[in-house]
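Structure file upload-v8.tsv (TSV, C-alpha atoms) is printed below.
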```
chain	number	residue	atom	x	y	z
A	1410	MET	CA	38.47	-13.14	-15.88
A	1411	ALA	CA	35.56	-14.89	-17.53
A	1412	GLU	CA	34.55	-14.33	-21.13
A	1413	TYR	CA	31.01	-14.49	-22.40
A	1414	ARG	CA	29.61	-14.56	-25.90
A	1415	ILE	CA	26.14	-13.39	-26.92
A	1416	ASN	CA	24.59	-14.04	-30.31
A	1417	ALA	CA	22.07	-11.22	-30.72
A	1418	ARG	CA	21.93	-11.46	-34.51
A	1419	GLY	CA	18.49	-10.73	-35.91
A	1420	LEU	CA	17.28	-9.07	-32.70
A	1421	GLN	CA	15.66	-5.67	-33.09
A	1422	CYS	CA	16.31	-2.66	-30.89
A	1423	PRO	CA	16.46	-2.74	-27.86
A	1424	GLY	CA	16.86	-6.56	-27.84
A	1425	PRO	CA	20.69	-6.58	-28.01
A	1426	ILE	CA	21.22	-4.19	-25.08
A	1427	MET	CA	18.59	-6.09	-23.07
A	1428	GLN	CA	20.61	-9.28	-23.55
A	1429	LEU	CA	23.83	-7.45	-22.75
A	1430	PHE	CA	22.33	-5.94	-19.61
A	1431	THR	CA	21.16	-9.36	-18.41
A	1432	GLN	CA	24.59	-10.92	-19.06
A	1433	MET	CA	26.42	-8.05	-17.33
A	1434	LYS	CA	24.34	-8.50	-14.20
A	1435	SER	CA	25.80	-11.96	-13.66
A	1436	ALA	CA	29.34	-10.97	-14.76
A	1437	GLU	CA	32.13	-9.87	-12.41
A	1438	PRO	CA	34.07	-6.59	-12.85
A	1439	GLY	CA	36.80	-7.17	-15.43
A	1440	ASP	CA	34.89	-9.90	-17.26
A	1441	LEU	CA	34.65	-9.56	-21.02
A	1442	VAL	CA	31.43	-9.91	-22.99
A	1443	MET	CA	31.42	-10.25	-26.75
A	1444	ILE	CA	28.13	-9.57	-28.51
A	1445	GLU	CA	27.23	-10.01	-32.17
A	1446	VAL	CA	24.43	-7.81	-33.54
A	1447	THR	CA	22.90	-7.14	-36.95
A	1448	ASP	CA	20.89	-4.01	-36.01
A	1449	VAL	CA	22.89	-1.10	-37.51
A	1450	GLY	CA	21.73	1.32	-34.81
A	1451	PHE	CA	23.70	-0.76	-32.31
A	1452	LYS	CA	26.98	0.92	-33.33
A	1453	LYS	CA	25.86	4.20	-31.77
A	1454	ASP	CA	23.73	2.56	-29.09
A	1455	ILE	CA	26.55	0.53	-27.59
A	1456	GLU	CA	28.61	3.67	-26.98
A	1457	ALA	CA	25.76	5.34	-25.12
A	1458	TRP	CA	24.99	2.11	-23.28
A	1459	CYS	CA	28.59	1.72	-22.08
A	1460	ARG	CA	28.80	5.39	-21.08
A	1461	LYS	CA	25.56	5.27	-19.08
A	1462	THR	CA	26.13	1.87	-17.47
A	1463	LYS	CA	29.82	2.62	-16.69
A	1464	ASN	CA	31.18	-0.28	-18.69
A	1465	THR	CA	34.12	-0.18	-21.13
A	1466	LEU	CA	33.79	-0.64	-24.86
A	1467	VAL	CA	36.98	-2.49	-25.78
A	1468	SER	CA	36.39	-2.93	-29.50
A	1469	LEU	CA	33.69	-2.42	-32.11
A	1470	ILE	CA	34.01	-3.92	-35.55
A	1471	GLU	CA	31.63	-4.48	-38.45
A	1472	ASN	CA	32.07	-7.32	-40.86
A	1473	ASP	CA	29.58	-8.52	-43.49
A	1474	GLY	CA	26.69	-6.78	-41.79
A	1475	VAL	CA	27.55	-8.21	-38.37
A	1476	ILE	CA	28.62	-5.78	-35.68
A	1477	THR	CA	30.80	-7.29	-32.99
A	1478	ALA	CA	31.41	-5.41	-29.76
A	1479	GLN	CA	33.61	-6.39	-26.86
A	1480	VAL	CA	32.59	-4.88	-23.58
A	1481	ARG	CA	34.46	-5.13	-20.32
A	1482	LYS	CA	32.46	-4.90	-17.12
A	1483	GLY	CA	33.36	-1.84	-15.09
B	390	MET	CA	23.56	5.38	-14.04
B	391	ALA	CA	21.70	2.86	-11.96
B	392	ASP	CA	19.84	5.53	-10.00
B	393	ASP	CA	18.44	7.22	-13.12
B	394	LYS	CA	14.69	7.09	-13.37
B	395	LYS	CA	12.27	7.42	-16.25
B	396	THR	CA	8.51	7.65	-16.36
B	397	ILE	CA	6.07	7.36	-19.25
B	398	ILE	CA	2.39	8.17	-19.17
B	399	VAL	CA	0.80	5.68	-21.55
B	400	PHE	CA	-2.36	7.54	-22.52
B	401	SER	CA	-2.81	6.10	-26.00
B	402	GLY	CA	-4.02	2.58	-26.69
B	403	ASP	CA	-2.80	2.71	-30.29
B	404	LEU	CA	-0.48	-0.07	-31.37
B	405	ASP	CA	2.21	2.19	-32.84
B	406	LYS	CA	2.29	4.58	-29.90
B	407	ALA	CA	2.23	1.76	-27.35
B	408	MET	CA	5.14	0.13	-29.19
B	409	ALA	CA	7.14	3.35	-28.94
B	410	ALA	CA	6.42	3.46	-25.20
B	411	MET	CA	7.41	-0.17	-24.68
B	412	ILE	CA	10.62	0.16	-26.71
B	413	ILE	CA	11.70	3.19	-24.68
B	414	ALA	CA	10.72	1.45	-21.43
B	415	ARG	CA	12.61	-1.74	-22.28
B	416	GLY	CA	15.60	0.22	-23.53
B	417	ALA	CA	15.73	2.33	-20.38
B	418	ALA	CA	15.48	-0.79	-18.23
B	419	ALA	CA	18.42	-2.24	-20.19
B	420	MET	CA	20.39	0.95	-19.44
B	421	GLY	CA	19.91	0.16	-15.77
B	422	ASN	CA	17.16	2.72	-15.18
B	423	GLU	CA	14.21	2.41	-12.87
B	424	VAL	CA	11.19	2.77	-15.16
B	425	THR	CA	7.58	3.52	-14.22
B	426	LEU	CA	4.74	3.33	-16.72
B	427	PHE	CA	1.51	5.04	-15.75
B	428	PHE	CA	-1.42	3.72	-17.80
B	429	THR	CA	-4.39	6.00	-18.15
B	430	PHE	CA	-7.43	6.34	-20.41
B	431	TRP	CA	-7.08	4.41	-23.69
B	432	GLY	CA	-3.71	3.10	-22.56
B	433	LEU	CA	-5.51	1.03	-19.90
B	434	ASN	CA	-6.95	-1.21	-22.60
B	435	LEU	CA	-3.42	-2.46	-23.32
B	436	LEU	CA	-3.35	-4.05	-19.87
B	437	ARG	CA	-6.65	-5.88	-20.17
B	438	LYS	CA	-6.54	-9.67	-20.19
B	439	PRO	CA	-7.42	-10.99	-23.64
B	440	GLU	CA	-10.18	-13.19	-22.24
B	441	SER	CA	-13.52	-11.98	-20.93
B	442	VAL	CA	-13.60	-11.82	-17.13
B	443	PRO	CA	-17.06	-12.43	-15.70
B	444	ILE	CA	-17.86	-9.47	-13.42
B	445	GLN	CA	-21.10	-7.76	-12.45
B	446	LYS	CA	-21.14	-4.36	-14.19
B	447	GLY	CA	-23.62	-1.60	-14.80
B	448	PHE	CA	-25.08	-1.24	-18.28
B	449	LEU	CA	-22.83	1.66	-19.38
B	450	GLU	CA	-19.72	0.06	-17.90
B	451	ALA	CA	-20.48	-3.18	-19.69
B	452	MET	CA	-21.04	-1.28	-22.97
B	453	PHE	CA	-17.73	0.51	-22.57
B	454	GLY	CA	-15.92	-2.72	-21.86
B	455	TRP	CA	-17.56	-4.34	-24.83
B	456	MET	CA	-16.64	-1.54	-27.27
B	457	MET	CA	-13.01	-1.05	-26.22
B	458	PRO	CA	-10.18	-3.35	-27.34
B	459	ARG	CA	-9.50	-6.15	-24.87
B	460	GLY	CA	-5.74	-6.33	-24.44
B	461	ALA	CA	-2.58	-5.46	-26.36
B	462	ARG	CA	-3.32	-8.02	-29.07
B	463	LYS	CA	-6.36	-5.98	-30.12
B	464	ALA	CA	-4.53	-2.63	-30.33
B	465	ALA	CA	-4.85	-0.90	-33.71
B	466	LEU	CA	-2.55	1.46	-35.60
B	467	SER	CA	-3.24	5.18	-35.14
B	468	LYS	CA	-2.91	5.65	-38.91
B	469	MET	CA	-3.58	3.30	-41.80
B	470	HIS	CA	-5.61	0.86	-39.69
B	471	MET	CA	-7.92	0.51	-42.72
B	472	GLY	CA	-10.58	-1.56	-41.00
B	473	GLY	CA	-7.94	-3.89	-39.61
B	474	MET	CA	-6.09	-4.56	-42.85
B	475	GLY	CA	-3.30	-2.04	-42.23
B	476	THR	CA	-2.78	-3.26	-38.67
B	477	ALA	CA	-2.69	-6.90	-39.79
B	478	MET	CA	-0.13	-6.01	-42.46
B	479	MET	CA	2.01	-4.18	-39.92
B	480	GLN	CA	1.85	-7.13	-37.52
B	481	HIS	CA	2.88	-9.42	-40.35
B	482	VAL	CA	5.84	-7.23	-41.29
B	483	MET	CA	6.89	-6.96	-37.63
B	484	LYS	CA	6.90	-10.74	-37.39
B	485	THR	CA	9.04	-11.18	-40.51
B	486	LYS	CA	11.47	-8.54	-39.19
B	487	ASN	CA	11.72	-10.33	-35.85
B	488	VAL	CA	10.08	-7.52	-33.86
B	489	PRO	CA	8.32	-8.86	-30.75
B	490	THR	CA	4.55	-8.44	-30.56
B	491	LEU	CA	3.22	-5.71	-28.26
B	492	GLU	CA	2.12	-8.43	-25.80
B	493	GLU	CA	5.64	-9.86	-25.75
B	494	MET	CA	7.10	-6.38	-25.26
B	495	ILE	CA	4.84	-5.83	-22.25
B	496	ARG	CA	5.81	-9.19	-20.75
B	497	GLU	CA	9.51	-8.46	-21.33
B	498	ALA	CA	9.23	-5.03	-19.73
B	499	GLN	CA	7.67	-6.63	-16.65
B	500	GLU	CA	10.44	-9.24	-16.53
B	501	PHE	CA	12.98	-6.40	-16.66
B	502	GLY	CA	11.43	-4.84	-13.60
B	503	VAL	CA	9.47	-2.02	-15.23
B	504	THR	CA	6.72	-0.87	-12.86
B	505	PHE	CA	3.20	-0.80	-14.32
B	506	ILE	CA	0.69	1.47	-12.62
B	507	ALA	CA	-2.95	1.63	-13.69
B	508	CYS	CA	-4.73	4.93	-13.07
B	509	THR	CA	-7.63	4.13	-10.76
B	510	MET	CA	-9.71	7.13	-11.78
B	511	SER	CA	-9.60	6.13	-15.45
B	512	MET	CA	-10.44	2.57	-14.45
B	513	ASP	CA	-13.47	3.80	-12.56
B	514	VAL	CA	-14.66	6.04	-15.41
B	515	MET	CA	-14.20	3.32	-18.00
B	516	GLY	CA	-15.63	0.58	-15.80
B	517	ILE	CA	-12.44	-1.49	-15.84
B	518	LYS	CA	-11.98	-3.68	-12.76
B	519	PRO	CA	-8.62	-4.82	-11.33
B	520	GLU	CA	-9.45	-8.48	-12.10
B	521	GLU	CA	-9.65	-7.61	-15.80
B	522	LEU	CA	-6.02	-6.46	-15.96
B	523	ILE	CA	-2.94	-8.64	-16.42
B	524	ASP	CA	-0.97	-9.74	-13.35
B	525	GLY	CA	1.73	-7.56	-11.83
B	526	VAL	CA	-0.04	-4.23	-12.31
B	527	GLU	CA	-0.13	-1.78	-9.40
B	528	PHE	CA	-2.92	0.71	-8.83
B	529	GLY	CA	-2.51	4.40	-8.10
B	530	GLY	CA	-3.48	7.96	-8.82
B	531	VAL	CA	-1.87	11.17	-9.99
B	532	ALA	CA	0.11	11.61	-6.78
B	533	THR	CA	1.77	8.26	-7.38
B	534	TYR	CA	2.70	9.40	-10.87
B	535	LEU	CA	3.96	12.82	-9.72
B	536	GLY	CA	5.97	11.20	-6.96
B	537	SER	CA	7.80	9.11	-9.56
B	538	ALA	CA	8.06	11.94	-12.11
B	539	ASP	CA	9.66	14.31	-9.59
B	540	GLU	CA	12.49	11.85	-9.05
B	541	ALA	CA	12.95	11.03	-12.75
B	542	ASN	CA	15.02	12.85	-15.36
B	543	VAL	CA	12.87	11.85	-18.36
B	544	ASN	CA	9.07	11.98	-18.27
B	545	LEU	CA	7.13	11.23	-21.43
B	546	PHE	CA	3.48	11.39	-22.39
B	547	ILE	CA	2.57	8.99	-25.17
```

Transcribe the structure of this file into structure tokens.
Amino acid sequence: MAEYRINARGLQCPGPIMQLFTQMKSAEPGDLVMIEVTDVGFKKDIEAWCRKTKNTLVSLIENDGVITAQVRKG
Amino acid sequence: MADDKKTIIVFSGDLDKAMAAMIIARGAAAMGNEVTLFFTFWGLNLLRKPESVPIQKGFLEAMFGWMMPRGARKAALSKMHMGGMGTAMMQHVMKTKNVPTLEEMIREAQEFGVTFIACTMSMDVMGIKPEELIDGVEFGGVATYLGSADEANVNLFI
């Protein structure tokens, strides 16, 4: 299982999910992608994104204005 | 779901409205949707190349082309344009907040596989020729739009 890390800090909506989508295309099922975002809307967006793209949100934490999500493909 | 489809009729050439359309289009593409944008009337101006393209045109067509904004960079706010000052201020704020320009949004949408269709009837009425539009734009009419809209679960008019 590969792990990927995306720094999407400073990107405005929908920049973070565009980066995530691009990364997920090259990932294999089961791979883990960690993404760091500063857009506060991302907290709700990532849930909808995972639901609609059939990926799994493993964790979602916010620390010092940085939201970190771990998403597993599939 | 990957087979979800969205369409947006981009009727307005206003900067703010076009931004809304491009943000929804890019977002939907990032959700794995197939997105079709149908550009008609003032929205067509967003697709014009920024440079002047030398083409033989009738007097009225040339006047139209001369009066309308050439490309996304020239799009103005629908409110508070204030002779260009409001729009310039907005563009400045967008830059400081790391929001892509409208031109960049359009390029990104194309890279993400969003389909751009220019309405040929509007082009004819407004005297806009295919060579004047940016690369990657397809040409079609209302049946093309309706064909896409019938298969989509979100259809917007902006």

* If we count all atoms listed in the file, what is near range 1455-1467 of chain A at a cut-off of 10 Å, once residues fewer than 2 positions away on the same chain are taken out, given as a PyMOL selection string? -> (chain A and resi 1425-1426+1429-1430+1433+1438-1439+1441-1443+1450-1453+1469+1478-1483) or (chain B and resi 390-391+393+416-417+419-422)

* Excluding range 496-510 of chain B and any residue of its chain fewer than 2 positions from it, enumerate the residues within 7 Å of it, using all atoms listed in the file, and give them as a VMD selection string. => chain B and resid 414 to 415 418 423 to 429 433 492 to 494 512 to 514 526 to 530

Could the residues in this selection be written to a file with C-alpha atoms, as an mmCIF file, keeping the file's coordinate frame?
```
data_model
loop_
_atom_site.group_PDB
_atom_site.id
_atom_site.type_symbol
_atom_site.label_atom_id
_atom_site.label_comp_id
_atom_site.auth_asym_id
_atom_site.auth_seq_id
_atom_site.Cartn_x
_atom_site.Cartn_y
_atom_site.Cartn_z
ATOM 1 C CA ALA B 414 10.720 1.450 -21.430
ATOM 2 C CA ARG B 415 12.610 -1.740 -22.280
ATOM 3 C CA ALA B 418 15.480 -0.790 -18.230
ATOM 4 C CA GLU B 423 14.210 2.410 -12.870
ATOM 5 C CA VAL B 424 11.190 2.770 -15.160
ATOM 6 C CA THR B 425 7.580 3.520 -14.220
ATOM 7 C CA LEU B 426 4.740 3.330 -16.720
ATOM 8 C CA PHE B 427 1.510 5.040 -15.750
ATOM 9 C CA PHE B 428 -1.420 3.720 -17.800
ATOM 10 C CA THR B 429 -4.390 6.000 -18.150
ATOM 11 C CA LEU B 433 -5.510 1.030 -19.900
ATOM 12 C CA GLU B 492 2.120 -8.430 -25.800
ATOM 13 C CA GLU B 493 5.640 -9.860 -25.750
ATOM 14 C CA MET B 494 7.100 -6.380 -25.260
ATOM 15 C CA MET B 512 -10.440 2.570 -14.450
ATOM 16 C CA ASP B 513 -13.470 3.800 -12.560
ATOM 17 C CA VAL B 514 -14.660 6.040 -15.410
ATOM 18 C CA VAL B 526 -0.040 -4.230 -12.310
ATOM 19 C CA GLU B 527 -0.130 -1.780 -9.400
ATOM 20 C CA PHE B 528 -2.920 0.710 -8.830
ATOM 21 C CA GLY B 529 -2.510 4.400 -8.100
ATOM 22 C CA GLY B 530 -3.480 7.960 -8.820
#
```

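Straight-line separation from CA of Leu435 in chain B to CA of Glu450 in chain B: 17.4 Å.
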
* What is the distance between CA of Lys518 in chain B and CA of Phe546 in chain B, in Å to one decimal? -> 23.6 Å

* Structure fact -> In Å and to one decimal, CA of Ile1476 in chain A is distant from CA of Val1449 in chain A by 7.6 Å

* Structure fact -> Using only C-alpha atoms, the shortest atom-to-atom distance to Lys438 in chain B among B:Met483, B:Val488, B:Asp539, B:Arg459 belongs to B:Arg459

Leaving out Gly1419 in chain A and any residue of its chain fewer than 5 positions from it, which residues lie within 8 Å of it when counting only C-alpha atoms, given as a PDB file with C-alpha atoms, keeping the file's coordinate frame?
```pdb
ATOM      1  CA  VAL A1446      24.430  -7.810 -33.540  1.00  0.00           C
ATOM      2  CA  THR A1447      22.900  -7.140 -36.950  1.00  0.00           C
ATOM      3  CA  ASP A1448      20.890  -4.010 -36.010  1.00  0.00           C
TER       4      ASP A1448
ATOM      5  CA  ASN B 487      11.720 -10.330 -35.850  1.00  0.00           C
TER       6      ASN B 487
END
```

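Among the candidates B:Met479, B:Ile412, B:Ala541, B:Leu436, the one nearest to Gly460 in chain B when counting all atoms listed in the file is B:Leu436.
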
* **Pick from B:Gly432, B:Pro489, B:Thr476, B:Lys394 nearest to chain A, counting all atoms listed in the file** => B:Pro489

* Asked: B:Trp455, B:Leu466, B:Met515, B:Ala409: which is nearest chain A, counting only C-alpha atoms?
  -> B:Ala409

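Closest approach to Gln480 in chain B among B:Ile495, B:Ala464, B:Val543, B:Val399: B:Ala464, based on all atoms listed in the file.
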
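Here the question is which of B:Met411, B:Ile397, B:Ala465, B:Leu449 gets nearest to chain A using only C-alpha atoms, and that residue is B:Met411.
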